[in-house]
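Everything below belongs to work_8.pdb, which stores PDB, C-alpha atoms, pLDDT in the B column.
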ATOM      1  CA  MET A 703       0.000   0.000   0.000  1.00 47.00           C
ATOM      2  CA  GLU A 704       1.164   3.525  -0.715  1.00 51.00           C
ATOM      3  CA  ASP A 705       2.105   5.548   2.332  1.00 61.00           C
ATOM      4  CA  ARG A 706      -0.369   8.404   2.445  1.00 67.00           C
ATOM      5  CA  PRO A 707      -2.624   9.911   5.104  1.00 71.00           C
ATOM      6  CA  ARG A 708      -5.928   8.167   5.746  1.00 86.00           C
ATOM      7  CA  HIS A 709      -8.893  10.518   5.741  1.00 96.00           C
ATOM      8  CA  LEU A 710     -11.730   8.181   6.793  1.00 97.00           C
ATOM      9  CA  THR A 711     -12.064   6.206  10.003  1.00 96.00           C
ATOM     10  CA  ARG A 712     -14.754   4.350  11.932  1.00 96.00           C
ATOM     11  CA  ARG A 713     -13.133   4.801  15.330  1.00 96.00           C
ATOM     12  CA  GLU A 714     -13.358   7.628  17.841  1.00 96.00           C
ATOM     13  CA  LEU A 715     -11.166  10.630  17.016  1.00 96.00           C
ATOM     14  CA  ARG A 716      -8.531  11.503  19.625  1.00 93.00           C
ATOM     15  CA  GLN A 717      -7.471  15.063  20.356  1.00 88.00           C
ATOM     16  CA  GLU A 718      -3.785  14.321  19.898  1.00 87.00           C
ATOM     17  CA  GLU A 719      -4.516  13.532  16.234  1.00 86.00           C
ATOM     18  CA  LEU A 720      -5.304  17.207  15.651  1.00 85.00           C
ATOM     19  CA  LEU A 721      -1.694  18.235  15.867  1.00 80.00           C
ATOM     20  CA  PRO A 722       0.508  17.779  12.802  1.00 69.00           C
ATOM     21  CA  ARG A 723       2.538  14.574  12.838  1.00 65.00           C
ATOM     22  CA  SER A 724       5.818  16.461  12.766  1.00 67.00           C
ATOM     23  CA  GLY A 725       6.651  19.970  13.854  1.00 74.00           C
ATOM     24  CA  ASP A 726       7.764  22.186  10.981  1.00 84.00           C
ATOM     25  CA  PRO A 727      10.383  24.787  11.992  1.00 90.00           C
ATOM     26  CA  GLU A 728       9.171  27.085   9.180  1.00 92.00           C
ATOM     27  CA  CYS A 729       5.638  27.256  10.661  1.00 93.00           C
ATOM     28  CA  GLY A 730       4.589  29.869  13.199  1.00 94.00           C
ATOM     29  CA  ALA A 731       0.885  29.003  13.367  1.00 94.00           C
ATOM     30  CA  THR A 732      -1.262  25.895  13.572  1.00 94.00           C
ATOM     31  CA  VAL A 733      -5.057  26.231  13.342  1.00 95.00           C
ATOM     32  CA  ILE A 734      -7.132  23.275  14.494  1.00 95.00           C
ATOM     33  CA  PHE A 735     -10.833  22.628  13.892  1.00 97.00           C
ATOM     34  CA  SER A 736     -12.990  19.952  15.443  1.00 97.00           C
ATOM     35  CA  GLY A 737     -16.568  19.474  14.228  1.00 97.00           C
ATOM     36  CA  THR A 738     -18.720  17.808  16.881  1.00 97.00           C
ATOM     37  CA  VAL A 739     -22.248  16.387  16.967  1.00 97.00           C
ATOM     38  CA  ARG A 740     -24.575  19.024  18.433  1.00 96.00           C
ATOM     39  CA  ARG A 741     -27.574  18.174  20.613  1.00 96.00           C
ATOM     40  CA  ALA A 742     -29.988  20.718  19.140  1.00 94.00           C
ATOM     41  CA  ASN A 743     -30.693  20.886  15.420  1.00 92.00           C
ATOM     42  CA  GLN A 744     -33.663  22.677  13.866  1.00 89.00           C
ATOM     43  CA  GLY A 745     -35.659  22.459  17.051  1.00 92.00           C
ATOM     44  CA  ARG A 746     -35.088  18.745  17.594  1.00 95.00           C
ATOM     45  CA  THR A 747     -33.002  16.961  20.207  1.00 97.00           C
ATOM     46  CA  VAL A 748     -30.300  14.874  18.576  1.00 97.00           C
ATOM     47  CA  SER A 749     -28.838  11.803  20.283  1.00 97.00           C
ATOM     48  CA  SER A 750     -26.366  10.726  17.588  1.00 98.00           C
ATOM     49  CA  ILE A 751     -25.565  10.955  13.902  1.00 98.00           C
ATOM     50  CA  ASP A 752     -24.797   8.120  11.512  1.00 98.00           C
ATOM     51  CA  TYR A 753     -22.275   9.096   8.855  1.00 98.00           C
ATOM     52  CA  GLU A 754     -22.399   7.063   5.657  1.00 98.00           C
ATOM     53  CA  ALA A 755     -20.063   7.481   2.681  1.00 97.00           C
ATOM     54  CA  GLU A 756     -19.313   6.176  -0.780  1.00 96.00           C
ATOM     55  CA  GLU A 757     -15.862   5.467   0.539  1.00 95.00           C
ATOM     56  CA  ARG A 758     -13.885   5.353  -2.708  1.00 94.00           C
ATOM     57  CA  LEU A 759     -15.189   8.715  -3.851  1.00 96.00           C
ATOM     58  CA  ALA A 760     -15.107  10.219  -0.369  1.00 97.00           C
ATOM     59  CA  ASP A 761     -11.492   9.208   0.174  1.00 96.00           C
ATOM     60  CA  ALA A 762     -10.482  10.626  -3.216  1.00 95.00           C
ATOM     61  CA  ALA A 763     -12.306  13.913  -2.589  1.00 97.00           C
ATOM     62  CA  LEU A 764     -10.856  14.253   0.917  1.00 98.00           C
ATOM     63  CA  SER A 765      -7.363  13.570  -0.435  1.00 97.00           C
ATOM     64  CA  GLN A 766      -7.792  16.332  -2.981  1.00 97.00           C
ATOM     65  CA  ILE A 767      -9.111  18.785  -0.362  1.00 98.00           C
ATOM     66  CA  PHE A 768      -6.217  17.820   1.916  1.00 97.00           C
ATOM     67  CA  GLU A 769      -3.689  18.570  -0.836  1.00 97.00           C
ATOM     68  CA  GLU A 770      -5.356  21.924  -1.544  1.00 98.00           C
ATOM     69  CA  MET A 771      -5.300  22.743   2.175  1.00 98.00           C
ATOM     70  CA  GLU A 772      -1.588  21.947   2.565  1.00 96.00           C
ATOM     71  CA  ARG A 773      -0.841  23.996  -0.546  1.00 97.00           C
ATOM     72  CA  THR A 774      -2.760  26.989   0.843  1.00 98.00           C
ATOM     73  CA  ALA A 775      -1.213  26.622   4.279  1.00 97.00           C
ATOM     74  CA  GLY A 776       2.291  25.869   3.097  1.00 96.00           C
ATOM     75  CA  GLY A 777       2.822  23.488   6.021  1.00 94.00           C
ATOM     76  CA  PRO A 778       1.623  20.090   7.210  1.00 93.00           C
ATOM     77  CA  GLY A 779      -2.054  19.366   7.834  1.00 94.00           C
ATOM     78  CA  VAL A 780      -4.525  16.843   9.211  1.00 95.00           C
ATOM     79  CA  LEU A 781      -7.918  15.974   7.698  1.00 97.00           C
ATOM     80  CA  ILE A 782      -9.868  13.041   9.050  1.00 97.00           C
ATOM     81  CA  HIS A 783     -13.613  12.316   8.925  1.00 98.00           C
ATOM     82  CA  ARG A 784     -15.309   9.725  11.097  1.00 98.00           C
ATOM     83  CA  LEU A 785     -17.951   7.346   9.693  1.00 98.00           C
ATOM     84  CA  GLY A 786     -20.593   5.272  11.463  1.00 98.00           C
ATOM     85  CA  ARG A 787     -22.519   6.220  14.610  1.00 98.00           C
ATOM     86  CA  VAL A 788     -21.190   9.348  16.392  1.00 98.00           C
ATOM     87  CA  PRO A 789     -22.871  10.283  19.707  1.00 98.00           C
ATOM     88  CA  VAL A 790     -23.652  13.874  20.714  1.00 97.00           C
ATOM     89  CA  GLY A 791     -20.520  15.673  21.914  1.00 96.00           C
ATOM     90  CA  GLU A 792     -18.058  13.508  19.985  1.00 97.00           C
ATOM     91  CA  ALA A 793     -16.084  14.728  16.992  1.00 97.00           C
ATOM     92  CA  SER A 794     -17.045  13.808  13.434  1.00 98.00           C
ATOM     93  CA  ILE A 795     -14.194  15.663  11.766  1.00 98.00           C
ATOM     94  CA  PHE A 796     -10.728  16.940  12.633  1.00 97.00           C
ATOM     95  CA  ILE A 797      -8.889  19.465  10.483  1.00 97.00           C
ATOM     96  CA  SER A 798      -5.632  21.252  11.178  1.00 96.00           C
ATOM     97  CA  ALA A 799      -3.137  23.196   9.109  1.00 95.00           C
ATOM     98  CA  SER A 800       0.222  24.791   9.865  1.00 95.00           C
ATOM     99  CA  SER A 801       1.588  27.894   8.144  1.00 96.00           C
ATOM    100  CA  ALA A 802       4.382  30.387   8.430  1.00 96.00           C
ATOM    101  CA  HIS A 803       1.766  32.970   9.502  1.00 97.00           C
ATOM    102  CA  ARG A 804      -1.714  32.578  11.001  1.00 97.00           C
ATOM    103  CA  ASP A 805      -3.739  34.101   8.136  1.00 98.00           C
ATOM    104  CA  GLN A 806      -2.804  31.278   5.764  1.00 97.00           C
ATOM    105  CA  ALA A 807      -3.562  28.617   8.352  1.00 97.00           C
ATOM    106  CA  PHE A 808      -7.008  30.060   9.199  1.00 98.00           C
ATOM    107  CA  ARG A 809      -7.876  30.369   5.502  1.00 98.00           C
ATOM    108  CA  ALA A 810      -6.662  26.852   4.682  1.00 98.00           C
ATOM    109  CA  VAL A 811      -8.760  25.255   7.436  1.00 98.00           C
ATOM    110  CA  ARG A 812     -11.842  27.343   6.643  1.00 98.00           C
ATOM    111  CA  ASP A 813     -11.629  26.478   2.932  1.00 98.00           C
ATOM    112  CA  ALA A 814     -11.182  22.795   3.780  1.00 98.00           C
ATOM    113  CA  ILE A 815     -14.267  22.483   6.005  1.00 98.00           C
ATOM    114  CA  GLU A 816     -16.419  24.388   3.494  1.00 98.00           C
ATOM    115  CA  ALA A 817     -15.170  22.064   0.723  1.00 98.00           C
ATOM    116  CA  VAL A 818     -15.893  18.960   2.814  1.00 98.00           C
ATOM    117  CA  LYS A 819     -19.515  20.069   3.111  1.00 98.00           C
ATOM    118  CA  VAL A 820     -20.144  20.124  -0.659  1.00 98.00           C
ATOM    119  CA  ARG A 821     -17.501  18.021  -2.404  1.00 98.00           C
ATOM    120  CA  VAL A 822     -17.436  14.742  -0.447  1.00 98.00           C
ATOM    121  CA  PRO A 823     -20.106  12.006  -0.757  1.00 98.00           C
ATOM    122  CA  ILE A 824     -20.769  11.672   2.962  1.00 98.00           C
ATOM    123  CA  TRP A 825     -24.300  11.731   4.376  1.00 98.00           C
ATOM    124  CA  LYS A 826     -25.697  12.384   7.863  1.00 98.00           C
ATOM    125  CA  LYS A 827     -28.628  10.532   9.361  1.00 98.00           C
ATOM    126  CA  GLU A 828     -29.693  12.210  12.589  1.00 98.00           C
ATOM    127  CA  HIS A 829     -31.132  10.085  15.388  1.00 98.00           C
ATOM    128  CA  TYR A 830     -33.383  11.912  17.834  1.00 98.00           C
ATOM    129  CA  GLU A 831     -34.156  11.350  21.496  1.00 97.00           C
ATOM    130  CA  ASP A 832     -37.775  10.513  20.617  1.00 96.00           C
ATOM    131  CA  GLY A 833     -36.508   7.447  18.713  1.00 97.00           C
ATOM    132  CA  SER A 834     -37.074   8.819  15.215  1.00 97.00           C
ATOM    133  CA  SER A 835     -34.348   9.427  12.639  1.00 97.00           C
ATOM    134  CA  GLU A 836     -33.935  11.371   9.429  1.00 97.00           C
ATOM    135  CA  TRP A 837     -31.429  11.888   6.611  1.00 97.00           C
ATOM    136  CA  LEU A 838     -30.466  15.564   6.396  1.00 96.00           C
ATOM    137  CA  ASP A 839     -31.237  17.386   3.137  1.00 93.00           C
ATOM    138  CA  GLY A 840     -27.655  18.371   2.285  1.00 96.00           C
ATOM    139  CA  LYS A 841     -26.230  20.116  -0.769  1.00 97.00           C
ATOM    140  CA  PRO A 842     -25.859  18.727  -4.304  1.00 97.00           C
ATOM    141  CA  LEU A 843     -22.428  17.148  -4.748  1.00 97.00           C
ATOM    142  CA  GLN A 844     -19.958  19.579  -6.356  1.00 96.00           C
ATOM    143  CA  SER A 845     -16.742  18.769  -8.140  1.00 89.00           C
ATOM    144  CA  ALA A 846     -13.455  20.544  -7.461  1.00 84.00           C
ATOM    145  CA  PRO A 847     -13.204  24.123  -8.763  1.00 81.00           C
ATOM    146  CA  GLN A 848     -11.771  24.206 -12.291  1.00 66.00           C
ATOM    147  CA  SER A 849      -8.726  26.216 -11.218  1.00 56.00           C
ATOM    148  CA  GLU A 850      -7.773  23.498  -8.741  1.00 51.00           C
ATOM    149  CA  LYS A 851      -8.093  20.801 -11.406  1.00 49.00           C
ATOM    150  CA  GLU A 852      -5.833  22.785 -13.723  1.00 51.00           C
ATOM    151  CA  ILE A 853      -3.231  23.204 -11.021  1.00 49.00           C
ATOM    152  CA  GLN A 854      -3.141  19.457 -10.496  1.00 47.00           C
ATOM    153  CA  THR A 855      -2.769  18.446 -14.157  1.00 43.00           C
TER
ATOM    154  CA  MET B 613     -29.206  -3.102 -21.871  1.00 83.00           C
ATOM    155  CA  GLN B 614     -29.415  -3.718 -18.150  1.00 86.00           C
ATOM    156  CA  VAL B 615     -27.488  -1.440 -15.808  1.00 90.00           C
ATOM    157  CA  SER B 616     -26.796  -2.163 -12.130  1.00 91.00           C
ATOM    158  CA  VAL B 617     -27.667   0.743  -9.909  1.00 96.00           C
ATOM    159  CA  ARG B 618     -26.728   1.341  -6.282  1.00 96.00           C
ATOM    160  CA  PHE B 619     -28.446   3.884  -4.049  1.00 98.00           C
ATOM    161  CA  TYR B 620     -26.980   5.742  -1.075  1.00 98.00           C
ATOM    162  CA  ALA B 621     -28.418   7.412   2.027  1.00 98.00           C
ATOM    163  CA  LYS B 622     -31.685   9.283   1.373  1.00 98.00           C
ATOM    164  CA  ALA B 623     -31.790   8.068  -2.244  1.00 98.00           C
ATOM    165  CA  GLN B 624     -31.766   4.515  -0.881  1.00 98.00           C
ATOM    166  CA  GLU B 625     -34.572   5.351   1.527  1.00 97.00           C
ATOM    167  CA  LEU B 626     -36.689   6.952  -1.218  1.00 97.00           C
ATOM    168  CA  ALA B 627     -36.010   4.208  -3.775  1.00 97.00           C
ATOM    169  CA  GLY B 628     -36.902   1.645  -1.135  1.00 97.00           C
ATOM    170  CA  LEU B 629     -33.941  -0.598  -1.947  1.00 96.00           C
ATOM    171  CA  SER B 630     -30.159  -0.481  -1.964  1.00 97.00           C
ATOM    172  CA  ALA B 631     -29.591  -1.832  -5.485  1.00 96.00           C
ATOM    173  CA  ALA B 632     -31.568  -2.475  -8.653  1.00 96.00           C
ATOM    174  CA  LEU B 633     -31.221  -3.451 -12.292  1.00 94.00           C
ATOM    175  CA  MET B 634     -32.516  -0.880 -14.778  1.00 93.00           C
ATOM    176  CA  GLU B 635     -33.351  -1.528 -18.419  1.00 90.00           C
ATOM    177  CA  VAL B 636     -32.066   1.338 -20.557  1.00 89.00           C
ATOM    178  CA  SER B 637     -31.674   1.906 -24.317  1.00 88.00           C
ATOM    179  CA  PRO B 638     -28.433   3.637 -25.352  1.00 84.00           C
ATOM    180  CA  PRO B 639     -27.481   6.339 -25.961  1.00 87.00           C
ATOM    181  CA  VAL B 640     -28.260   7.421 -22.403  1.00 91.00           C
ATOM    182  CA  THR B 641     -27.028  10.735 -21.015  1.00 92.00           C
ATOM    183  CA  VAL B 642     -26.804  11.670 -17.346  1.00 92.00           C
ATOM    184  CA  ALA B 643     -29.977  13.760 -17.684  1.00 91.00           C
ATOM    185  CA  ASP B 644     -31.749  10.787 -19.346  1.00 92.00           C
ATOM    186  CA  PHE B 645     -30.618   8.519 -16.531  1.00 94.00           C
ATOM    187  CA  ARG B 646     -31.910  10.875 -13.848  1.00 94.00           C
ATOM    188  CA  ARG B 647     -35.277  10.970 -15.621  1.00 94.00           C
ATOM    189  CA  LEU B 648     -35.386   7.171 -15.907  1.00 95.00           C
ATOM    190  CA  LEU B 649     -34.684   6.920 -12.185  1.00 96.00           C
ATOM    191  CA  SER B 650     -37.599   9.244 -11.420  1.00 96.00           C
ATOM    192  CA  GLU B 651     -39.921   7.209 -13.649  1.00 96.00           C
ATOM    193  CA  ARG B 652     -38.947   3.914 -12.066  1.00 96.00           C
ATOM    194  CA  PHE B 653     -38.755   5.322  -8.518  1.00 97.00           C
ATOM    195  CA  PRO B 654     -41.293   8.184  -8.337  1.00 98.00           C
ATOM    196  CA  ARG B 655     -40.287   9.108  -4.784  1.00 97.00           C
ATOM    197  CA  LEU B 656     -36.870  10.121  -6.156  1.00 97.00           C
ATOM    198  CA  SER B 657     -38.405  12.681  -8.524  1.00 96.00           C
ATOM    199  CA  GLY B 658     -38.291  15.446  -5.907  1.00 95.00           C
ATOM    200  CA  MET B 659     -34.486  15.266  -5.828  1.00 94.00           C
ATOM    201  CA  GLU B 660     -33.971  14.348  -9.508  1.00 93.00           C
ATOM    202  CA  ARG B 661     -32.056  17.526 -10.356  1.00 92.00           C
ATOM    203  CA  SER B 662     -29.877  17.350  -7.260  1.00 95.00           C
ATOM    204  CA  LEU B 663     -28.775  13.728  -7.691  1.00 96.00           C
ATOM    205  CA  ALA B 664     -25.149  13.179  -8.648  1.00 97.00           C
ATOM    206  CA  LEU B 665     -24.231  10.010 -10.527  1.00 97.00           C
ATOM    207  CA  ALA B 666     -20.980   8.082 -10.429  1.00 97.00           C
ATOM    208  CA  VAL B 667     -19.933   5.043 -12.405  1.00 95.00           C
ATOM    209  CA  VAL B 668     -17.743   2.026 -11.781  1.00 93.00           C
ATOM    210  CA  GLU B 669     -16.420   0.607 -15.042  1.00 87.00           C
ATOM    211  CA  ARG B 670     -16.733  -3.138 -15.566  1.00 80.00           C
ATOM    212  CA  LEU B 671     -13.918  -4.971 -17.395  1.00 78.00           C
ATOM    213  CA  PRO B 672     -14.887  -7.167 -20.369  1.00 73.00           C
ATOM    214  CA  GLY B 673     -16.246 -10.468 -19.068  1.00 73.00           C
ATOM    215  CA  GLU B 674     -16.362  -9.247 -15.488  1.00 72.00           C
ATOM    216  CA  THR B 675     -19.570 -10.299 -13.804  1.00 68.00           C
ATOM    217  CA  ALA B 676     -18.919  -9.524 -10.133  1.00 66.00           C
ATOM    218  CA  ASP B 677     -21.599  -7.236  -8.802  1.00 63.00           C
ATOM    219  CA  PRO B 678     -21.269  -4.945  -6.932  1.00 62.00           C
ATOM    220  CA  LEU B 679     -17.847  -3.865  -8.147  1.00 69.00           C
ATOM    221  CA  ASP B 680     -16.436  -2.879  -4.785  1.00 76.00           C
ATOM    222  CA  ALA B 681     -12.781  -3.236  -5.691  1.00 76.00           C
ATOM    223  CA  ARG B 682     -12.899  -0.959  -8.730  1.00 83.00           C
ATOM    224  CA  PRO B 683     -12.452   2.822  -8.737  1.00 88.00           C
ATOM    225  CA  ALA B 684     -15.555   4.977  -8.989  1.00 93.00           C
ATOM    226  CA  MET B 685     -15.830   8.237 -10.910  1.00 94.00           C
ATOM    227  CA  VAL B 686     -18.407  11.006 -10.652  1.00 96.00           C
ATOM    228  CA  VAL B 687     -19.774  11.739 -14.141  1.00 95.00           C
ATOM    229  CA  THR B 688     -20.689  15.118 -15.608  1.00 90.00           C
ATOM    230  CA  ASP B 689     -23.683  15.932 -17.793  1.00 85.00           C
ATOM    231  CA  ALA B 690     -21.698  15.206 -20.951  1.00 85.00           C
ATOM    232  CA  TYR B 691     -21.134  11.533 -20.044  1.00 92.00           C
ATOM    233  CA  GLN B 692     -22.930   8.808 -22.020  1.00 92.00           C
ATOM    234  CA  PHE B 693     -23.539   5.414 -20.461  1.00 90.00           C
ATOM    235  CA  ASN B 694     -22.186   2.441 -22.422  1.00 85.00           C
ATOM    236  CA  GLY B 695     -24.011  -0.263 -20.488  1.00 82.00           C
ATOM    237  CA  SER B 696     -20.973  -1.838 -18.859  1.00 83.00           C
ATOM    238  CA  GLU B 697     -20.994   0.376 -15.778  1.00 89.00           C
ATOM    239  CA  GLU B 698     -22.390   0.067 -12.316  1.00 92.00           C
ATOM    240  CA  VAL B 699     -24.145   3.357 -11.534  1.00 95.00           C
ATOM    241  CA  LEU B 700     -23.987   4.941  -8.072  1.00 97.00           C
ATOM    242  CA  VAL B 701     -26.822   7.309  -7.175  1.00 98.00           C
ATOM    243  CA  LEU B 702     -25.557  10.028  -4.812  1.00 98.00           C
ATOM    244  CA  PRO B 703     -28.074  12.332  -3.102  1.00 98.00           C
ATOM    245  CA  PRO B 704     -27.117  15.797  -1.799  1.00 98.00           C
ATOM    246  CA  VAL B 705     -24.216  15.522   0.635  1.00 98.00           C
ATOM    247  CA  SER B 706     -23.912  16.573   4.289  1.00 97.00           C
ATOM    248  CA  GLY B 707     -20.440  15.704   5.535  1.00 97.00           C
ATOM    249  CA  GLY B 708     -18.544  17.541   8.222  1.00 96.00           C
TER
END

Rendering of file as structure tokens:
Amino acid sequence: MEDRPRHLTRRELRQEELLPRSGDPECGATVIFSGTVRRANQGRTVSSIDYEAEERLADAALSQIFEEMERTAGGPGVLIHRLGRVPVGEASIFISASSAHRDQAFRAVRDAIEAVKVRVPIWKKEHYEDGSSEWLDGKPLQSAPQSEKEIQT
Amino acid sequence: MQVSVRFYAKAQELAGLSAALMEVSPPVTVADFRRLLSERFPRLSGMERSLALAVVERLPGETADPLDARPAMVVTDAYQFNGSEEVLVLPPVSGG
């Protein structure tokens, strides 16, 4: 197997994973983002969320977003999305990016989470405390911006 | 020709099954395929325009179904189905 970061997991995310694997002496800022399952959503009380993916496509899309993020940041990053049942309060996604200066790192992480929300075939099914459940409506799947594709070819 | 179709998440719930065989007559565009899905599975019609489709190419003589070990590719509106693919039906996404 090629040695590259894994971006999908079915296990609980641990906080220490948020920090880059190796410190980069050229980086003066690391921004970390953790997306967690929230109890209240649209007036309903959530108990957990099931995350389902088309894993081949999701892994490819996350890899591309990860590469874009590291390019924007200029330093090492972390991007990992959890699948399966995630209880309220636990993390579904970890993102971090390191840069020479903080502006790049903030922008890289912000761009990455916004891209994850529209470019990765992952779906949320919310489970509520009343025992019901529902797939969220979501956004139509988008492909990578053309400029990014051109950069990569 | 018969095309294998796999549904995900809410599309699976609305179609009422996880996989199906669909009879289609080439040439079939992505827009045609979305329309055929709505005709066969009327509960999908509300999200017809927001469905993304991906394909998994089948090698000549390959009969395994589903084709889990093969790469999948999201197709754009210009794509035409050749009948050898497995089609993945992807509803609007909500990762993060």

Pull out every residue that the PyMOL selection byres ((chain B and resi 661) around 10) matches in the shown coordinates and put them as a PyMOL selection string.
-> (chain A and resi 842) or (chain B and resi 643+646-647+656-660+662-664+703)

On this structure, which residues satisfy the PyMOL selection byres ((chain A and resi 814-824) around 8), written as a count of residues only?
-> 31

Interatomic distance, CA of Tyr691 in chain B to CA of Ser650 in chain B (Å, one decimal) | 18.7 Å

Kindly indicate which residue among B:Leu649, B:Glu698, B:Val615, B:Thr688 lies nearest to chain A, using only C-alpha atoms for the distances.
->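 The shortest atom-to-atom distance to chain A comes from B:Thr688.
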
Around the point (-3.2, 27.2, 13.3), in the coordinates given by the file, pick out the residues reaching within 6 Å, counting all atoms listed in the file, and return them as a list of chain:residue names.
->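 Within the cut-off we find A:Ala731, A:Thr732, A:Val733, A:Ile734, A:Ala799, A:Ser800, A:Ala807.
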
Can you list, as an NGL selection string, every protein, DNA or RNA residue that comes within 8 Å of Ser765 in chain A when you count all atoms listed in the file, leaving out same-chain residues fewer than 4 positions away?
-> :A and (709 or 761 or 769)

Could you work out how far CA of Gln744 in chain A lies from CA of Glu792 in chain A, giving the answer in Å with one decimal?
->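 Atom-to-atom, CA of Glu792 in chain A and CA of Gln744 in chain A are spaced 19.1 Å apart.
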
Between B:Val617, B:Asn694, B:Glu625, B:Asp689, single out the one closest to chain A, counting only C-alpha atoms.
->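 Distance minimum relative to chain A lands on B:Glu625.
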
Exactly which residues make up the result of the PyMOL selection byres ((chain A and resi 713-730) around 8) on this file, given as a tab-separated table (two decimals) with C-alpha atoms, keeping the file's coordinate frame?
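The result, written out as out.tsv:
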chain	number	residue	atom	x	y	z
A	711	THR	CA	-12.06	6.21	10.00
A	712	ARG	CA	-14.75	4.35	11.93
A	731	ALA	CA	0.88	29.00	13.37
A	732	THR	CA	-1.26	25.90	13.57
A	734	ILE	CA	-7.13	23.28	14.49
A	735	PHE	CA	-10.83	22.63	13.89
A	777	GLY	CA	2.82	23.49	6.02
A	778	PRO	CA	1.62	20.09	7.21
A	779	GLY	CA	-2.05	19.37	7.83
A	780	VAL	CA	-4.53	16.84	9.21
A	784	ARG	CA	-15.31	9.72	11.10
A	785	LEU	CA	-17.95	7.35	9.69
A	792	GLU	CA	-18.06	13.51	19.98
A	793	ALA	CA	-16.08	14.73	16.99
A	794	SER	CA	-17.05	13.81	13.43
A	795	ILE	CA	-14.19	15.66	11.77
A	796	PHE	CA	-10.73	16.94	12.63
A	797	ILE	CA	-8.89	19.46	10.48
A	798	SER	CA	-5.63	21.25	11.18
A	799	ALA	CA	-3.14	23.20	9.11
A	800	SER	CA	0.22	24.79	9.86
A	801	SER	CA	1.59	27.89	8.14
A	802	ALA	CA	4.38	30.39	8.43
A	803	HIS	CA	1.77	32.97	9.50
A	804	ARG	CA	-1.71	32.58	11.00

Using only C-alpha atoms, find the one residue out of B:Ala623, B:Ala684, B:Val699, B:Ala690 that sits nearest to chain A.
->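 For chain A, the nearest of the given residues is B:Ala684.
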
Local residues around (-33.1, -2.2, -25.5), at most 12 Å away, using all atoms listed in the file, as a list in words | Met613, Gln614, Val615, Met634, Glu635, Val636, Ser637, Pro638, Pro639, Val640 and Gly695 of chain B

Write a file of the selected residues as a PDB file, in the coordinates of the input, keeping C-alpha atoms.
ATOM      1  CA  MET B 613     -29.206  -3.102 -21.871  1.00 83.00           C
ATOM      2  CA  GLN B 614     -29.415  -3.718 -18.150  1.00 86.00           C
ATOM      3  CA  VAL B 615     -27.488  -1.440 -15.808  1.00 90.00           C
ATOM      4  CA  MET B 634     -32.516  -0.880 -14.778  1.00 93.00           C
ATOM      5  CA  GLU B 635     -33.351  -1.528 -18.419  1.00 90.00           C
ATOM      6  CA  VAL B 636     -32.066   1.338 -20.557  1.00 89.00           C
ATOM      7  CA  SER B 637     -31.674   1.906 -24.317  1.00 88.00           C
ATOM      8  CA  PRO B 638     -28.433   3.637 -25.352  1.00 84.00           C
ATOM      9  CA  PRO B 639     -27.481   6.339 -25.961  1.00 87.00           C
ATOM     10  CA  VAL B 640     -28.260   7.421 -22.403  1.00 91.00           C
ATOM     11  CA  GLY B 695     -24.011  -0.263 -20.488  1.00 82.00           C
TER      12      GLY B 695
END

Between CA of Asp752 in chain A and CA of Lys622 in chain B, what is the distance, to one decimal in Å?
->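 Between CA of Asp752 in chain A and CA of Lys622 in chain B the gap works out to 12.3 Å.
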
Which residue out of A:Pro847, A:Gly776, A:Gly840, A:Gly786 has the minimum interatomic distance to chain B when only C-alpha atoms are used?
-> A:Gly840
